[in-house]
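One file, my_file_35.cif, carrying mmCIF, N, CA and C atoms:
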```cif
data_target
loop_
_atom_site.label_atom_id
_atom_site.label_comp_id
_atom_site.auth_asym_id
_atom_site.auth_seq_id
_atom_site.Cartn_x
_atom_site.Cartn_y
_atom_site.Cartn_z
N MET A 1 -62.22 -48.58 -4.21
CA MET A 1 -61.78 -49.88 -4.66
C MET A 1 -62.76 -50.46 -5.68
N LEU A 2 -64.04 -50.19 -5.46
CA LEU A 2 -65.06 -50.70 -6.39
C LEU A 2 -64.85 -50.12 -7.79
N PHE A 3 -64.61 -48.80 -7.87
CA PHE A 3 -64.39 -48.18 -9.18
C PHE A 3 -63.13 -48.69 -9.83
N THR A 4 -62.11 -49.03 -9.07
CA THR A 4 -60.89 -49.60 -9.64
C THR A 4 -61.17 -50.99 -10.21
N MET A 5 -61.99 -51.77 -9.48
CA MET A 5 -62.30 -53.13 -9.95
C MET A 5 -63.13 -53.11 -11.22
N ILE A 6 -64.04 -52.14 -11.36
CA ILE A 6 -64.88 -52.13 -12.57
C ILE A 6 -64.30 -51.22 -13.67
N GLY A 7 -63.13 -50.64 -13.41
CA GLY A 7 -62.44 -49.88 -14.45
C GLY A 7 -62.87 -48.44 -14.60
N LEU A 8 -63.49 -47.86 -13.59
CA LEU A 8 -63.94 -46.48 -13.68
C LEU A 8 -63.00 -45.50 -12.98
N ARG A 9 -61.98 -45.99 -12.33
CA ARG A 9 -61.04 -45.08 -11.67
C ARG A 9 -60.22 -44.36 -12.73
N GLY A 10 -60.14 -43.08 -12.58
CA GLY A 10 -59.39 -42.28 -13.54
C GLY A 10 -60.21 -41.86 -14.75
N SER A 11 -61.51 -42.11 -14.70
CA SER A 11 -62.36 -41.73 -15.84
C SER A 11 -63.36 -40.66 -15.42
N LEU A 12 -63.78 -39.89 -16.40
CA LEU A 12 -64.79 -38.87 -16.13
C LEU A 12 -66.15 -39.48 -15.82
N VAL A 13 -66.44 -40.65 -16.36
CA VAL A 13 -67.71 -41.32 -16.08
C VAL A 13 -67.80 -41.67 -14.60
N GLY A 14 -66.73 -42.19 -14.04
CA GLY A 14 -66.70 -42.50 -12.62
C GLY A 14 -66.86 -41.26 -11.76
N LEU A 15 -66.23 -40.16 -12.18
CA LEU A 15 -66.34 -38.91 -11.44
C LEU A 15 -67.77 -38.36 -11.51
N ILE A 16 -68.42 -38.49 -12.66
CA ILE A 16 -69.80 -38.05 -12.81
C ILE A 16 -70.72 -38.88 -11.91
N LEU A 17 -70.48 -40.18 -11.82
CA LEU A 17 -71.27 -41.02 -10.93
C LEU A 17 -71.11 -40.60 -9.48
N VAL A 18 -69.90 -40.24 -9.08
CA VAL A 18 -69.66 -39.77 -7.72
C VAL A 18 -70.37 -38.44 -7.48
N TYR A 19 -70.32 -37.55 -8.45
CA TYR A 19 -71.01 -36.26 -8.31
C TYR A 19 -72.51 -36.45 -8.19
N ILE A 20 -73.07 -37.36 -8.96
CA ILE A 20 -74.51 -37.63 -8.88
C ILE A 20 -74.86 -38.21 -7.51
N ALA A 21 -74.04 -39.16 -7.04
CA ALA A 21 -74.30 -39.73 -5.72
C ALA A 21 -74.12 -38.71 -4.61
N GLN A 22 -73.32 -37.71 -4.84
CA GLN A 22 -73.07 -36.68 -3.85
C GLN A 22 -74.19 -35.63 -3.81
N THR A 23 -74.78 -35.31 -4.95
CA THR A 23 -75.77 -34.24 -4.99
C THR A 23 -77.22 -34.71 -4.92
N VAL A 24 -77.51 -35.92 -5.31
CA VAL A 24 -78.90 -36.40 -5.31
C VAL A 24 -79.52 -36.39 -3.90
N PRO A 25 -78.86 -36.86 -2.86
CA PRO A 25 -79.51 -36.79 -1.54
C PRO A 25 -79.84 -35.37 -1.09
N VAL A 26 -78.96 -34.43 -1.35
CA VAL A 26 -79.21 -33.05 -0.96
C VAL A 26 -80.37 -32.47 -1.75
N THR A 27 -80.40 -32.72 -3.05
CA THR A 27 -81.48 -32.17 -3.87
C THR A 27 -82.82 -32.81 -3.53
N VAL A 28 -82.84 -34.10 -3.26
CA VAL A 28 -84.09 -34.76 -2.89
C VAL A 28 -84.61 -34.19 -1.57
N TYR A 29 -83.72 -33.96 -0.63
CA TYR A 29 -84.12 -33.40 0.66
C TYR A 29 -84.67 -31.98 0.48
N MET A 30 -83.99 -31.18 -0.31
CA MET A 30 -84.45 -29.80 -0.53
C MET A 30 -85.79 -29.76 -1.25
N LEU A 31 -85.93 -30.56 -2.29
CA LEU A 31 -87.18 -30.54 -3.07
C LEU A 31 -88.34 -31.17 -2.30
N ARG A 32 -88.06 -32.17 -1.49
CA ARG A 32 -89.12 -32.77 -0.68
C ARG A 32 -89.72 -31.72 0.25
N ASN A 33 -88.88 -30.96 0.88
CA ASN A 33 -89.39 -29.92 1.78
C ASN A 33 -90.20 -28.88 1.01
N TYR A 34 -89.81 -28.56 -0.20
CA TYR A 34 -90.58 -27.60 -0.97
C TYR A 34 -91.91 -28.18 -1.42
N PHE A 35 -91.91 -29.40 -1.93
CA PHE A 35 -93.15 -30.00 -2.43
C PHE A 35 -94.17 -30.20 -1.32
N GLU A 36 -93.73 -30.29 -0.09
CA GLU A 36 -94.68 -30.39 1.02
C GLU A 36 -95.40 -29.08 1.25
N THR A 37 -94.83 -27.96 0.79
CA THR A 37 -95.48 -26.66 0.98
C THR A 37 -96.48 -26.33 -0.11
N VAL A 38 -96.53 -27.11 -1.18
CA VAL A 38 -97.53 -26.88 -2.23
C VAL A 38 -98.90 -27.18 -1.64
N PRO A 39 -99.83 -26.24 -1.72
CA PRO A 39 -101.15 -26.43 -1.08
C PRO A 39 -101.89 -27.64 -1.66
N GLN A 40 -102.47 -28.39 -0.75
CA GLN A 40 -103.26 -29.56 -1.15
C GLN A 40 -104.49 -29.14 -1.95
N SER A 41 -105.00 -27.94 -1.68
CA SER A 41 -106.20 -27.48 -2.37
C SER A 41 -105.95 -27.28 -3.87
N VAL A 42 -104.72 -26.94 -4.24
CA VAL A 42 -104.40 -26.79 -5.66
C VAL A 42 -104.46 -28.14 -6.36
N GLU A 43 -103.94 -29.16 -5.73
CA GLU A 43 -104.00 -30.50 -6.31
C GLU A 43 -105.45 -31.00 -6.36
N GLU A 44 -106.22 -30.70 -5.33
CA GLU A 44 -107.63 -31.10 -5.32
C GLU A 44 -108.41 -30.39 -6.42
N ALA A 45 -108.11 -29.11 -6.65
CA ALA A 45 -108.79 -28.37 -7.72
C ALA A 45 -108.45 -28.95 -9.09
N ALA A 46 -107.20 -29.36 -9.27
CA ALA A 46 -106.82 -29.98 -10.54
C ALA A 46 -107.53 -31.32 -10.73
N ALA A 47 -107.69 -32.07 -9.64
CA ALA A 47 -108.41 -33.35 -9.73
C ALA A 47 -109.88 -33.12 -10.06
N ILE A 48 -110.47 -32.08 -9.51
CA ILE A 48 -111.86 -31.77 -9.81
C ILE A 48 -112.02 -31.36 -11.28
N ASP A 49 -111.00 -30.68 -11.81
CA ASP A 49 -111.04 -30.27 -13.22
C ASP A 49 -110.76 -31.42 -14.17
N GLY A 50 -110.48 -32.60 -13.66
CA GLY A 50 -110.33 -33.77 -14.52
C GLY A 50 -108.90 -34.20 -14.77
N CYS A 51 -107.95 -33.65 -14.06
CA CYS A 51 -106.54 -34.05 -14.25
C CYS A 51 -106.28 -35.37 -13.53
N THR A 52 -105.48 -36.19 -14.17
CA THR A 52 -105.01 -37.39 -13.49
C THR A 52 -103.88 -37.00 -12.55
N ARG A 53 -103.41 -37.93 -11.78
CA ARG A 53 -102.33 -37.62 -10.83
C ARG A 53 -101.08 -37.16 -11.56
N LEU A 54 -100.74 -37.82 -12.67
CA LEU A 54 -99.54 -37.44 -13.43
C LEU A 54 -99.72 -36.08 -14.10
N SER A 55 -100.90 -35.81 -14.65
CA SER A 55 -101.11 -34.51 -15.29
C SER A 55 -101.19 -33.40 -14.25
N THR A 56 -101.63 -33.70 -13.03
CA THR A 56 -101.60 -32.71 -11.95
C THR A 56 -100.16 -32.33 -11.63
N ILE A 57 -99.31 -33.30 -11.56
CA ILE A 57 -97.89 -33.01 -11.30
C ILE A 57 -97.31 -32.21 -12.46
N TRP A 58 -97.61 -32.63 -13.68
CA TRP A 58 -97.00 -32.00 -14.86
C TRP A 58 -97.53 -30.59 -15.11
N ARG A 59 -98.84 -30.40 -14.96
CA ARG A 59 -99.46 -29.12 -15.32
C ARG A 59 -99.59 -28.13 -14.17
N VAL A 60 -99.58 -28.61 -12.92
CA VAL A 60 -99.83 -27.72 -11.80
C VAL A 60 -98.62 -27.63 -10.86
N VAL A 61 -98.17 -28.77 -10.37
CA VAL A 61 -97.13 -28.77 -9.33
C VAL A 61 -95.77 -28.34 -9.90
N LEU A 62 -95.37 -28.87 -11.03
CA LEU A 62 -94.07 -28.49 -11.59
C LEU A 62 -93.98 -27.01 -11.99
N PRO A 63 -95.00 -26.43 -12.63
CA PRO A 63 -94.91 -24.99 -12.89
C PRO A 63 -94.83 -24.15 -11.61
N LEU A 64 -95.52 -24.58 -10.55
CA LEU A 64 -95.43 -23.86 -9.29
C LEU A 64 -94.05 -24.00 -8.64
N SER A 65 -93.36 -25.08 -8.95
CA SER A 65 -92.09 -25.35 -8.29
C SER A 65 -90.87 -24.97 -9.13
N LYS A 66 -91.06 -24.21 -10.20
CA LYS A 66 -89.92 -23.78 -11.01
C LYS A 66 -88.83 -23.07 -10.21
N PRO A 67 -89.18 -22.16 -9.30
CA PRO A 67 -88.11 -21.51 -8.52
C PRO A 67 -87.32 -22.50 -7.66
N ALA A 68 -88.03 -23.45 -7.04
CA ALA A 68 -87.33 -24.43 -6.21
C ALA A 68 -86.46 -25.35 -7.06
N LEU A 69 -86.95 -25.73 -8.23
CA LEU A 69 -86.16 -26.58 -9.12
C LEU A 69 -84.91 -25.85 -9.61
N MET A 70 -85.07 -24.56 -9.94
CA MET A 70 -83.91 -23.80 -10.41
C MET A 70 -82.90 -23.57 -9.28
N ALA A 71 -83.39 -23.23 -8.09
CA ALA A 71 -82.48 -23.01 -6.97
C ALA A 71 -81.74 -24.29 -6.59
N THR A 72 -82.45 -25.40 -6.59
CA THR A 72 -81.82 -26.67 -6.26
C THR A 72 -80.86 -27.10 -7.35
N GLY A 73 -81.24 -26.89 -8.61
CA GLY A 73 -80.32 -27.22 -9.71
C GLY A 73 -79.07 -26.37 -9.68
N LEU A 74 -79.22 -25.10 -9.38
CA LEU A 74 -78.06 -24.21 -9.27
C LEU A 74 -77.17 -24.62 -8.11
N TYR A 75 -77.78 -25.01 -7.01
CA TYR A 75 -77.00 -25.45 -5.86
C TYR A 75 -76.24 -26.74 -6.18
N ALA A 76 -76.89 -27.69 -6.84
CA ALA A 76 -76.22 -28.94 -7.21
C ALA A 76 -75.09 -28.68 -8.21
N PHE A 77 -75.31 -27.75 -9.13
CA PHE A 77 -74.26 -27.39 -10.09
C PHE A 77 -73.06 -26.78 -9.37
N MET A 78 -73.34 -25.92 -8.38
CA MET A 78 -72.24 -25.30 -7.63
C MET A 78 -71.46 -26.34 -6.83
N ILE A 79 -72.15 -27.32 -6.26
CA ILE A 79 -71.47 -28.38 -5.52
C ILE A 79 -70.53 -29.14 -6.45
N ALA A 80 -71.02 -29.54 -7.60
CA ALA A 80 -70.21 -30.32 -8.53
C ALA A 80 -69.10 -29.47 -9.16
N TRP A 81 -69.38 -28.22 -9.46
CA TRP A 81 -68.40 -27.37 -10.13
C TRP A 81 -67.22 -27.05 -9.23
N ASN A 82 -67.48 -26.81 -7.96
CA ASN A 82 -66.42 -26.41 -7.03
C ASN A 82 -65.79 -27.58 -6.30
N GLU A 83 -66.23 -28.80 -6.56
CA GLU A 83 -65.72 -29.95 -5.85
C GLU A 83 -64.27 -30.22 -6.26
N PHE A 84 -63.43 -30.50 -5.28
CA PHE A 84 -62.01 -30.67 -5.54
C PHE A 84 -61.50 -32.06 -5.18
N LEU A 85 -61.91 -32.57 -4.03
CA LEU A 85 -61.29 -33.78 -3.50
C LEU A 85 -61.51 -35.00 -4.39
N PHE A 86 -62.76 -35.26 -4.79
CA PHE A 86 -63.01 -36.43 -5.62
C PHE A 86 -62.37 -36.29 -6.99
N ALA A 87 -62.34 -35.09 -7.53
CA ALA A 87 -61.68 -34.88 -8.81
C ALA A 87 -60.19 -35.19 -8.68
N LEU A 88 -59.60 -34.80 -7.57
CA LEU A 88 -58.18 -35.09 -7.34
C LEU A 88 -57.95 -36.59 -7.21
N LEU A 89 -58.82 -37.27 -6.48
CA LEU A 89 -58.66 -38.71 -6.28
C LEU A 89 -58.87 -39.51 -7.56
N PHE A 90 -59.82 -39.08 -8.38
CA PHE A 90 -60.14 -39.84 -9.58
C PHE A 90 -59.23 -39.52 -10.76
N LEU A 91 -58.85 -38.28 -10.92
CA LEU A 91 -58.19 -37.85 -12.15
C LEU A 91 -56.74 -37.45 -11.98
N VAL A 92 -56.10 -37.83 -10.88
CA VAL A 92 -54.74 -37.36 -10.62
C VAL A 92 -53.75 -37.86 -11.67
N GLU A 93 -53.98 -39.03 -12.24
CA GLU A 93 -53.04 -39.57 -13.23
C GLU A 93 -53.25 -39.02 -14.63
N ARG A 94 -54.45 -38.56 -14.94
CA ARG A 94 -54.79 -38.14 -16.31
C ARG A 94 -54.94 -36.63 -16.36
N ARG A 95 -53.89 -35.92 -16.68
CA ARG A 95 -53.93 -34.46 -16.71
C ARG A 95 -54.87 -33.91 -17.77
N GLU A 96 -55.09 -34.63 -18.85
CA GLU A 96 -55.96 -34.13 -19.90
C GLU A 96 -57.43 -34.14 -19.50
N SER A 97 -57.78 -34.85 -18.43
CA SER A 97 -59.16 -34.91 -17.97
C SER A 97 -59.40 -34.09 -16.71
N TRP A 98 -58.45 -33.30 -16.28
CA TRP A 98 -58.59 -32.54 -15.04
C TRP A 98 -59.74 -31.54 -15.13
N THR A 99 -60.36 -31.32 -14.00
CA THR A 99 -61.38 -30.30 -13.90
C THR A 99 -60.71 -28.94 -13.72
N VAL A 100 -61.52 -27.89 -13.78
CA VAL A 100 -60.98 -26.53 -13.69
C VAL A 100 -60.36 -26.28 -12.32
N SER A 101 -61.00 -26.79 -11.27
CA SER A 101 -60.46 -26.57 -9.92
C SER A 101 -59.13 -27.28 -9.73
N LEU A 102 -58.93 -28.43 -10.35
CA LEU A 102 -57.62 -29.10 -10.28
C LEU A 102 -56.55 -28.30 -11.00
N GLY A 103 -56.89 -27.78 -12.16
CA GLY A 103 -55.92 -26.96 -12.90
C GLY A 103 -55.56 -25.69 -12.15
N LEU A 104 -56.53 -25.09 -11.50
CA LEU A 104 -56.26 -23.87 -10.73
C LEU A 104 -55.39 -24.17 -9.52
N SER A 105 -55.58 -25.32 -8.90
CA SER A 105 -54.74 -25.67 -7.75
C SER A 105 -53.29 -25.91 -8.16
N GLN A 106 -53.10 -26.37 -9.38
CA GLN A 106 -51.74 -26.57 -9.85
C GLN A 106 -51.04 -25.24 -10.11
N LEU A 107 -51.79 -24.20 -10.44
CA LEU A 107 -51.21 -22.87 -10.58
C LEU A 107 -50.71 -22.35 -9.25
N ALA A 108 -51.44 -22.66 -8.17
CA ALA A 108 -51.08 -22.16 -6.85
C ALA A 108 -49.79 -22.79 -6.34
N GLY A 109 -49.49 -24.00 -6.79
CA GLY A 109 -48.30 -24.68 -6.30
C GLY A 109 -47.01 -24.24 -6.96
N SER A 110 -47.10 -23.49 -8.02
CA SER A 110 -45.92 -23.07 -8.76
C SER A 110 -45.35 -21.76 -8.20
N ILE A 111 -44.05 -21.63 -8.25
CA ILE A 111 -43.39 -20.42 -7.74
C ILE A 111 -43.48 -19.30 -8.76
N GLU A 112 -43.47 -19.62 -10.04
CA GLU A 112 -43.41 -18.59 -11.08
C GLU A 112 -44.73 -17.90 -11.39
N ILE A 113 -45.84 -18.43 -10.93
CA ILE A 113 -47.14 -17.87 -11.27
C ILE A 113 -47.44 -16.69 -10.34
N PRO A 114 -47.67 -15.50 -10.90
CA PRO A 114 -48.00 -14.35 -10.06
C PRO A 114 -49.39 -14.49 -9.45
N THR A 115 -49.60 -13.79 -8.36
CA THR A 115 -50.87 -13.84 -7.67
C THR A 115 -52.00 -13.32 -8.54
N THR A 116 -51.71 -12.36 -9.39
CA THR A 116 -52.76 -11.81 -10.26
C THR A 116 -53.30 -12.86 -11.22
N VAL A 117 -52.43 -13.72 -11.71
CA VAL A 117 -52.88 -14.80 -12.60
C VAL A 117 -53.75 -15.78 -11.83
N LEU A 118 -53.38 -16.06 -10.60
CA LEU A 118 -54.17 -16.97 -9.77
C LEU A 118 -55.55 -16.38 -9.47
N MET A 119 -55.60 -15.10 -9.20
CA MET A 119 -56.88 -14.45 -8.95
C MET A 119 -57.73 -14.39 -10.22
N ALA A 120 -57.10 -14.16 -11.35
CA ALA A 120 -57.84 -14.17 -12.62
C ALA A 120 -58.40 -15.56 -12.89
N GLY A 121 -57.65 -16.59 -12.57
CA GLY A 121 -58.15 -17.96 -12.70
C GLY A 121 -59.32 -18.23 -11.78
N SER A 122 -59.30 -17.66 -10.59
CA SER A 122 -60.42 -17.82 -9.65
C SER A 122 -61.67 -17.14 -10.19
N VAL A 123 -61.51 -15.99 -10.81
CA VAL A 123 -62.66 -15.30 -11.39
C VAL A 123 -63.23 -16.12 -12.55
N VAL A 124 -62.35 -16.66 -13.38
CA VAL A 124 -62.80 -17.49 -14.50
C VAL A 124 -63.50 -18.73 -13.98
N LEU A 125 -63.04 -19.26 -12.85
CA LEU A 125 -63.66 -20.44 -12.26
C LEU A 125 -65.08 -20.16 -11.78
N THR A 126 -65.32 -18.95 -11.27
CA THR A 126 -66.66 -18.62 -10.77
C THR A 126 -67.57 -18.05 -11.86
N LEU A 127 -67.04 -17.71 -12.99
CA LEU A 127 -67.82 -17.09 -14.06
C LEU A 127 -68.99 -17.96 -14.55
N PRO A 128 -68.82 -19.26 -14.78
CA PRO A 128 -69.98 -20.06 -15.22
C PRO A 128 -71.12 -20.08 -14.22
N ILE A 129 -70.81 -20.07 -12.94
CA ILE A 129 -71.86 -20.07 -11.92
C ILE A 129 -72.64 -18.75 -11.98
N VAL A 130 -71.92 -17.65 -12.16
CA VAL A 130 -72.58 -16.34 -12.25
C VAL A 130 -73.44 -16.27 -13.51
N ILE A 131 -72.95 -16.79 -14.62
CA ILE A 131 -73.70 -16.78 -15.87
C ILE A 131 -74.97 -17.63 -15.74
N VAL A 132 -74.86 -18.81 -15.15
CA VAL A 132 -76.03 -19.66 -14.96
C VAL A 132 -77.03 -18.99 -14.03
N PHE A 133 -76.54 -18.31 -12.98
CA PHE A 133 -77.45 -17.62 -12.07
C PHE A 133 -78.22 -16.51 -12.79
N PHE A 134 -77.51 -15.67 -13.54
CA PHE A 134 -78.20 -14.58 -14.22
C PHE A 134 -79.11 -15.08 -15.34
N ALA A 135 -78.76 -16.20 -15.96
CA ALA A 135 -79.63 -16.76 -17.00
C ALA A 135 -80.91 -17.34 -16.40
N SER A 136 -80.82 -17.83 -15.17
CA SER A 136 -81.99 -18.44 -14.55
C SER A 136 -82.67 -17.53 -13.54
N GLU A 137 -82.26 -16.29 -13.46
CA GLU A 137 -82.83 -15.37 -12.47
C GLU A 137 -84.33 -15.16 -12.68
N ARG A 138 -84.77 -15.14 -13.91
CA ARG A 138 -86.19 -14.95 -14.19
C ARG A 138 -87.00 -16.11 -13.60
N LEU A 139 -86.49 -17.33 -13.73
CA LEU A 139 -87.20 -18.48 -13.19
C LEU A 139 -87.17 -18.48 -11.66
N LEU A 140 -86.12 -17.95 -11.08
CA LEU A 140 -86.03 -17.90 -9.63
C LEU A 140 -87.02 -16.91 -9.03
N THR A 141 -87.18 -15.78 -9.68
CA THR A 141 -88.08 -14.75 -9.13
C THR A 141 -89.52 -14.90 -9.61
N GLU A 142 -89.74 -15.67 -10.64
CA GLU A 142 -91.09 -15.84 -11.18
C GLU A 142 -92.04 -16.44 -10.15
N GLY A 143 -91.58 -17.37 -9.38
CA GLY A 143 -92.43 -18.03 -8.39
C GLY A 143 -92.71 -17.16 -7.19
N LEU A 144 -91.90 -16.14 -6.96
CA LEU A 144 -92.15 -15.27 -5.82
C LEU A 144 -93.33 -14.35 -6.09
N THR A 145 -93.56 -14.03 -7.36
CA THR A 145 -94.64 -13.10 -7.69
C THR A 145 -95.94 -13.81 -8.07
N ALA A 146 -95.87 -15.08 -8.42
CA ALA A 146 -97.08 -15.81 -8.83
C ALA A 146 -97.62 -16.60 -7.66
N GLY A 147 -98.85 -16.36 -7.28
CA GLY A 147 -99.46 -17.08 -6.17
C GLY A 147 -100.26 -18.26 -6.68
N ALA A 148 -100.34 -19.31 -5.89
CA ALA A 148 -101.06 -20.48 -6.31
C ALA A 148 -102.55 -20.36 -6.02
N GLU A 149 -102.88 -19.71 -4.92
CA GLU A 149 -104.29 -19.59 -4.58
C GLU A 149 -104.54 -18.26 -3.89
N LYS A 150 -105.75 -17.79 -3.98
CA LYS A 150 -106.10 -16.51 -3.37
C LYS A 150 -106.68 -16.74 -1.97
N GLY A 151 -106.53 -15.70 -1.16
CA GLY A 151 -107.15 -15.75 0.14
C GLY A 151 -106.29 -16.23 1.16
#
```
In structure tokens, what does this structure look like?
Amino acid sequence: MLFTMIGLRGSLVGLILVYIAQTVPVTVYMLRNYFETVPQSVEEAAAIDGCTRLSTIWRVVLPLSKPALMATGLYAFMIAWNEFLFALLFLVERRESWTVSLGLSQLAGSIEIPTTVLMAGSVVLTLPIVIVFFASERLLTEGLTAGAEKG
């Protein structure tokens, strides 16, 4: 009702706001748990070397957390990409703004569409996720081989 009152119902901007509100709590929870595992001694060593708190985060903690950031970003992208219900609720009147999952569901409801076309549409729907995964695979595995401290 709030989005209807402010004029965001049926718009992609409103849908993006819903997606952000849907994924931010999950990503904050996942990243919080990861950042707690970063050794305190690494941050202390950066402080001894003269880094401020912000430069410690920028130069030490964020490079160590690239795998977690990529995994969480990929997970949030998958949540938003495969989401169906909110897209249906927000964009049901505007066919030109439909997401890919809405368009694919409309293929399933038709009698004339063969199953092979529906399966090909499902593969096309998952293709961007696979491409993003393979493009970011180096960042995901980079943190597994790089250690923060010895001993």
**Fill in**
One decimal place gives the atom CA of Arg95 of chain A-atom CA of Thr115 of chain A separation as 22.7 Å
Listed atoms of segment 116-121 of chain A, axis-aligned box, 8 Å per side: centre and edge lengths to one decimal in Å, as JSON?
```
{"center_x": -55.5, "center_y": -15.0, "center_z": -10.9, "size_x": 23.6, "size_y": 22.4, "size_z": 19.9}
```
**Request:** Tell me which residues the PyMOL selection byres ((chain A and resi 125-131) around 8) grabs here, as a VMD selection string.
**Result:** chain A and resid 74 77 to 78 81 to 82 100 to 101 119 to 124 132 to 137
So that I have them on file, write out the residues from the current selection with N, CA and C atoms, as a compact mmCIF listing (two decimals), in the coordinates of the input.
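Once everything was written out, this is out32.txt:
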```txt
# COMPACT_ATOMS: atom_id res chain seq x y z
N LEU A 74 -79.22 -25.10 -9.38
CA LEU A 74 -78.06 -24.21 -9.27
C LEU A 74 -77.17 -24.62 -8.11
N PHE A 77 -75.31 -27.75 -9.13
CA PHE A 77 -74.26 -27.39 -10.09
C PHE A 77 -73.06 -26.78 -9.37
N MET A 78 -73.34 -25.92 -8.38
CA MET A 78 -72.24 -25.30 -7.63
C MET A 78 -71.46 -26.34 -6.83
N TRP A 81 -69.38 -28.22 -9.46
CA TRP A 81 -68.40 -27.37 -10.13
C TRP A 81 -67.22 -27.05 -9.23
N ASN A 82 -67.48 -26.81 -7.96
CA ASN A 82 -66.42 -26.41 -7.03
C ASN A 82 -65.79 -27.58 -6.30
N VAL A 100 -61.52 -27.89 -13.78
CA VAL A 100 -60.98 -26.53 -13.69
C VAL A 100 -60.36 -26.28 -12.32
N SER A 101 -61.00 -26.79 -11.27
CA SER A 101 -60.46 -26.57 -9.92
C SER A 101 -59.13 -27.28 -9.73
N MET A 119 -55.60 -15.10 -9.20
CA MET A 119 -56.88 -14.45 -8.95
C MET A 119 -57.73 -14.39 -10.22
N ALA A 120 -57.10 -14.16 -11.35
CA ALA A 120 -57.84 -14.17 -12.62
C ALA A 120 -58.40 -15.56 -12.89
N GLY A 121 -57.65 -16.59 -12.57
CA GLY A 121 -58.15 -17.96 -12.70
C GLY A 121 -59.32 -18.23 -11.78
N SER A 122 -59.30 -17.66 -10.59
CA SER A 122 -60.42 -17.82 -9.65
C SER A 122 -61.67 -17.14 -10.19
N VAL A 123 -61.51 -15.99 -10.81
CA VAL A 123 -62.66 -15.30 -11.39
C VAL A 123 -63.23 -16.12 -12.55
N VAL A 124 -62.35 -16.66 -13.38
CA VAL A 124 -62.80 -17.49 -14.50
C VAL A 124 -63.50 -18.73 -13.98
N VAL A 132 -74.86 -18.81 -15.15
CA VAL A 132 -76.03 -19.66 -14.96
C VAL A 132 -77.03 -18.99 -14.03
N PHE A 133 -76.54 -18.31 -12.98
CA PHE A 133 -77.45 -17.62 -12.07
C PHE A 133 -78.22 -16.51 -12.79
N PHE A 134 -77.51 -15.67 -13.54
CA PHE A 134 -78.20 -14.58 -14.22
C PHE A 134 -79.11 -15.08 -15.34
N ALA A 135 -78.76 -16.20 -15.96
CA ALA A 135 -79.63 -16.76 -17.00
C ALA A 135 -80.91 -17.34 -16.40
N SER A 136 -80.82 -17.83 -15.17
CA SER A 136 -81.99 -18.44 -14.55
C SER A 136 -82.67 -17.53 -13.54
N GLU A 137 -82.26 -16.29 -13.46
CA GLU A 137 -82.83 -15.37 -12.47
C GLU A 137 -84.33 -15.16 -12.68
```
**Prompt:** Taking the backbone alone, and naming residues the way the document does, which bits of segment 3-148 of chain A are helix (DSSP H, G or I) by DSSP, as a PyMOL selection string?
**Reply:** chain A and resi 3-6+12-35+40-48+53-64+66-82+85-91+95-97+100-108+115-135+137-145
**Item:** atom N of Ser11 of chain A to atom CA of Ile79 of chain A, straight-line distance in Å
**Value:**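 According to the coordinates, atom CA of Ile79 of chain A and atom N of Ser11 of chain A are separated by 19.3 Å.
Using only C-alpha atoms, the protein and nucleic acid residues lying no more than 10 Å from Thr56 of chain A, apart from those fewer than 6 places from it along its own chain, are Val42, Glu43, Glu44, Ala45, Ala46, Ala47, Asp49, Gly50 and Leu62 of chain A.
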**Request:** Rank nothing, just name the residue among A:Ser55, A:Glu36, A:Tyr75, A:Ala80 nearest to Ala21 of chain A, using only C-alpha atoms.
**Result:**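 Checking each candidate against Ala21 of chain A, we get A:Ala80 as the closest.
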**Prompt:** Just how far from atom N of Phe86 of chain A is atom N of Tyr19 of chain A, in Å to one decimal?
**Reply:**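 If I compute the distance from atom N of Tyr19 of chain A to atom N of Phe86 of chain A, I get 8.7 Å.
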**Asked** Selected by the PyMOL selection byres (((chain A and resi 68 and name CA) around 12) and name CA) in the shown coordinates: which residues, as a ChimeraX atom specification?
**Response** /A:27-38,61-67,69-75,136-137,139-144
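The environment of Leu91 of chain A within 9 Å, counting only C-alpha atoms and disregarding residues fewer than 5 places along the same chain, consists of Arg9, Gly10, Ser11, Leu12, Leu15, Phe86, Glu96, Ser97, Trp98, Thr99 and Leu102 of chain A.
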Would you write out those residues with N, CA and C atoms, as a compact mmCIF listing (two decimals), in the coordinates of the input?
```txt
# COMPACT_ATOMS: atom_id res chain seq x y z
N ARG A 9 -61.98 -45.99 -12.33
CA ARG A 9 -61.04 -45.08 -11.67
C ARG A 9 -60.22 -44.36 -12.73
N GLY A 10 -60.14 -43.08 -12.58
CA GLY A 10 -59.39 -42.28 -13.54
C GLY A 10 -60.21 -41.86 -14.75
N SER A 11 -61.51 -42.11 -14.70
CA SER A 11 -62.36 -41.73 -15.84
C SER A 11 -63.36 -40.66 -15.42
N LEU A 12 -63.78 -39.89 -16.40
CA LEU A 12 -64.79 -38.87 -16.13
C LEU A 12 -66.15 -39.48 -15.82
N LEU A 15 -66.23 -40.16 -12.18
CA LEU A 15 -66.34 -38.91 -11.44
C LEU A 15 -67.77 -38.36 -11.51
N PHE A 86 -62.76 -35.26 -4.79
CA PHE A 86 -63.01 -36.43 -5.62
C PHE A 86 -62.37 -36.29 -6.99
N GLU A 96 -55.09 -34.63 -18.85
CA GLU A 96 -55.96 -34.13 -19.90
C GLU A 96 -57.43 -34.14 -19.50
N SER A 97 -57.78 -34.85 -18.43
CA SER A 97 -59.16 -34.91 -17.97
C SER A 97 -59.40 -34.09 -16.71
N TRP A 98 -58.45 -33.30 -16.28
CA TRP A 98 -58.59 -32.54 -15.04
C TRP A 98 -59.74 -31.54 -15.13
N THR A 99 -60.36 -31.32 -14.00
CA THR A 99 -61.38 -30.30 -13.90
C THR A 99 -60.71 -28.94 -13.72
N LEU A 102 -58.93 -28.43 -10.35
CA LEU A 102 -57.62 -29.10 -10.28
C LEU A 102 -56.55 -28.30 -11.00
```
